[in-house]
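Q: TSV, C-alpha atoms, saved as query02.tsv, coming up:
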chain	number	residue	atom	x	y	z
N	1	MET	CA	189.43	20.19	34.20
N	2	LYS	CA	187.88	23.62	34.73
N	3	THR	CA	186.99	23.78	31.07
N	4	ILE	CA	185.02	20.53	31.24
N	5	LEU	CA	183.16	21.82	34.30
N	6	PHE	CA	182.32	25.02	32.43
N	7	ILE	CA	181.09	23.01	29.43
N	8	LEU	CA	178.91	20.78	31.61
N	9	THR	CA	177.58	23.79	33.51
N	10	SER	CA	176.68	25.49	30.25
N	11	VAL	CA	174.97	22.33	28.95
N	12	PHE	CA	173.00	21.72	32.14
N	13	LEU	CA	171.90	25.35	32.38
N	14	GLY	CA	170.71	25.08	28.77
N	15	VAL	CA	168.78	21.91	29.61
N	16	ALA	CA	167.31	23.59	32.69
N	17	GLY	CA	166.29	26.55	30.50
N	18	GLN	CA	164.54	24.25	28.04
N	19	MET	CA	162.69	22.43	30.82
N	20	LEU	CA	161.70	25.64	32.60
N	21	LEU	CA	160.34	27.18	29.39
N	22	LYS	CA	158.29	24.05	28.74
N	23	MET	CA	157.04	24.08	32.34
N	24	GLY	CA	155.98	27.70	31.88
N	25	LEU	CA	154.01	26.78	28.78
N	26	TYR	CA	152.68	23.47	30.10
N	27	LYS	CA	148.90	23.29	29.77
N	28	THR	CA	148.87	26.66	28.02
N	29	PRO	CA	146.70	26.71	24.90
N	30	PRO	CA	148.47	27.33	21.57
N	31	MET	CA	149.36	30.96	21.07
N	32	GLU	CA	147.19	33.15	18.86
N	33	GLY	CA	147.32	36.92	18.98
N	34	LEU	CA	151.02	36.69	19.68
N	35	SER	CA	151.70	40.26	20.81
N	36	VAL	CA	149.21	40.10	23.68
N	37	LYS	CA	150.22	36.66	24.91
N	38	ILE	CA	153.96	37.35	24.72
N	39	LEU	CA	153.67	40.04	27.37
N	40	HIS	CA	151.59	37.73	29.53
N	41	LEU	CA	153.96	34.78	29.12
N	42	ILE	CA	157.19	36.70	29.71
N	43	PHE	CA	156.23	37.38	33.31
N	44	LYS	CA	155.39	33.78	34.23
N	45	PRO	CA	157.94	32.62	36.82
N	46	TYR	CA	159.05	29.50	34.93
N	47	ILE	CA	159.49	31.48	31.72
N	48	LEU	CA	161.60	34.10	33.50
N	49	LEU	CA	163.71	31.41	35.15
N	50	GLY	CA	164.12	29.70	31.77
N	51	PHE	CA	165.45	32.90	30.20
N	52	ILE	CA	167.78	33.47	33.15
N	53	SER	CA	169.05	29.91	32.86
N	54	TYR	CA	169.72	30.39	29.13
N	55	GLY	CA	171.51	33.66	29.86
N	56	LEU	CA	173.77	32.00	32.42
N	57	SER	CA	174.36	29.13	30.01
N	58	SER	CA	175.53	31.65	27.40
N	59	ILE	CA	177.93	33.28	29.86
N	60	PHE	CA	179.48	29.91	30.70
N	61	TRP	CA	179.68	29.10	26.99
N	62	LEU	CA	181.65	32.30	26.41
N	63	LEU	CA	184.06	31.21	29.15
N	64	VAL	CA	184.39	27.85	27.42
N	65	LEU	CA	185.10	29.42	24.04
N	66	SER	CA	187.75	31.67	25.57
N	67	ARG	CA	189.56	28.64	27.04
N	68	THR	CA	189.35	25.89	24.43
N	69	GLU	CA	188.78	25.09	20.79
N	70	LEU	CA	185.26	24.98	19.43
N	71	SER	CA	185.94	21.60	17.81
N	72	TYR	CA	186.60	20.18	21.29
N	73	ALA	CA	183.78	21.86	23.17
N	74	TYR	CA	180.88	21.78	20.73
N	75	PRO	CA	180.41	17.99	20.51
N	76	MET	CA	179.70	17.99	24.25
N	77	VAL	CA	176.67	20.18	23.60
N	78	ALA	CA	175.03	17.01	22.26
N	79	LEU	CA	174.67	15.91	25.88
N	80	GLY	CA	171.96	18.54	26.15
N	81	TYR	CA	169.84	16.71	23.59
N	82	VAL	CA	170.16	13.48	25.53
N	83	PHE	CA	169.22	15.06	28.85
N	84	VAL	CA	166.27	17.02	27.43
N	85	PHE	CA	165.04	13.77	25.88
N	86	ILE	CA	165.30	11.92	29.20
N	87	PHE	CA	163.91	14.68	31.42
N	88	SER	CA	160.99	15.45	29.10
N	89	TRP	CA	160.12	11.75	29.01
N	90	LEU	CA	160.29	11.51	32.81
N	91	TYR	CA	158.70	14.82	33.78
N	92	PHE	CA	156.26	15.61	30.97
N	93	LYS	CA	155.58	11.98	30.03
N	94	ASP	CA	156.41	12.81	26.41
N	95	GLN	CA	155.93	9.93	24.01
N	96	VAL	CA	159.20	8.77	22.51
Just give me the structure as structure tokens.

A:
Amino acid sequence: MKTILFILTSVFLGVAGQMLLKMGLYKTPPMEGLSVKILHLIFKPYILLGFISYGLSSIFWLLVLSRTELSYAYPMVALGYVFVFIFSWLYFKDQV
């Protein structure tokens, strides 16, 4: 049971990371002159929170891999695709 909670936590933190990164870049013009903009973007609050969320997701994923087989855990990562699809449609009004 703990393993499933760790998997779901990892997945949802990954989804949160994806959404936070998109929120940080929302209404930002396409990047040109990458080196200058990277420094500017890294310190945006949503971008920072997105990276932190991904980092925490990775830590939970390591816990998952230490407790169960990859062939059991990895298919559940597909839930992340479903939730990003739904949340981006609801929040960003992405066309699907």

Q: For Phe60 (chain N), which residue among N:Ala73, N:Val84, N:His40, N:Gln95 is the nearest when counting all atoms listed in the file?

A: N:Ala73

Q: From the options N:Tyr26, N:Phe51, N:Trp61, N:Trp89, which residue's atoms come nearest to Leu5 (chain N), counting all atoms listed in the file?

A: N:Trp61

Q: Find the spatial neighbours of Leu79 (chain N), counting all atoms listed in the file, within a cut-off of 12 Å - ignore same-chain residues fewer than 2 positions away - and output them as a PDB file with C-alpha atoms, in the frame of the given file.

A:
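Below is the file out-v9.pdb, written as the result:
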ATOM      1  CA  ILE N   7     181.090  23.010  29.430  1.00  0.00           C
ATOM      2  CA  LEU N   8     178.910  20.780  31.610  1.00  0.00           C
ATOM      3  CA  THR N   9     177.580  23.790  33.510  1.00  0.00           C
ATOM      4  CA  SER N  10     176.680  25.490  30.250  1.00  0.00           C
ATOM      5  CA  VAL N  11     174.970  22.330  28.950  1.00  0.00           C
ATOM      6  CA  PHE N  12     173.000  21.720  32.140  1.00  0.00           C
ATOM      7  CA  LEU N  13     171.900  25.350  32.380  1.00  0.00           C
ATOM      8  CA  GLY N  14     170.710  25.080  28.770  1.00  0.00           C
ATOM      9  CA  VAL N  15     168.780  21.910  29.610  1.00  0.00           C
ATOM     10  CA  ALA N  73     183.780  21.860  23.170  1.00  0.00           C
ATOM     11  CA  TYR N  74     180.880  21.780  20.730  1.00  0.00           C
ATOM     12  CA  PRO N  75     180.410  17.990  20.510  1.00  0.00           C
ATOM     13  CA  MET N  76     179.700  17.990  24.250  1.00  0.00           C
ATOM     14  CA  VAL N  77     176.670  20.180  23.600  1.00  0.00           C
ATOM     15  CA  TYR N  81     169.840  16.710  23.590  1.00  0.00           C
ATOM     16  CA  VAL N  82     170.160  13.480  25.530  1.00  0.00           C
ATOM     17  CA  PHE N  83     169.220  15.060  28.850  1.00  0.00           C
ATOM     18  CA  VAL N  84     166.270  17.020  27.430  1.00  0.00           C
ATOM     19  CA  PHE N  85     165.040  13.770  25.880  1.00  0.00           C
ATOM     20  CA  ILE N  86     165.300  11.920  29.200  1.00  0.00           C
TER      21      ILE N  86
END

Q: Residues near Met23 (chain N), anyone? I mean within 9 Å using only C-alpha atoms, not counting same-chain ones fewer than 5 positions away, as a VMD selection string.

A: chain N and resid 18 46 to 47 92

Q: Just checking: using only C-alpha atoms, which residue out of N:Lys44, N:Met19, N:Thr28, N:Leu56 ends up closest to Phe6 (chain N)?

A: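 Distance minimum relative to Phe6 (chain N) lands on N:Leu56.
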
Q: What does the distance from CA of Ile38 (chain N) to CA of Gly55 (chain N) come to in Å, to one decimal?

A: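 CA of Ile38 (chain N) sits 18.7 Å away from CA of Gly55 (chain N).
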
Q: Between CA of Leu25 (chain N) and CA of Val96 (chain N), what distance in Å does the model show, to one decimal?

A: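 Between CA of Leu25 (chain N) and CA of Val96 (chain N) the gap works out to 19.8 Å.
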
Q: Could you state the separation of CA of Leu70 (chain N) and CA of Gly17 (chain N) in Å, given to one decimal place?

A: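 Going from CA of Leu70 (chain N) over to CA of Gly17 (chain N) covers 22.0 Å.
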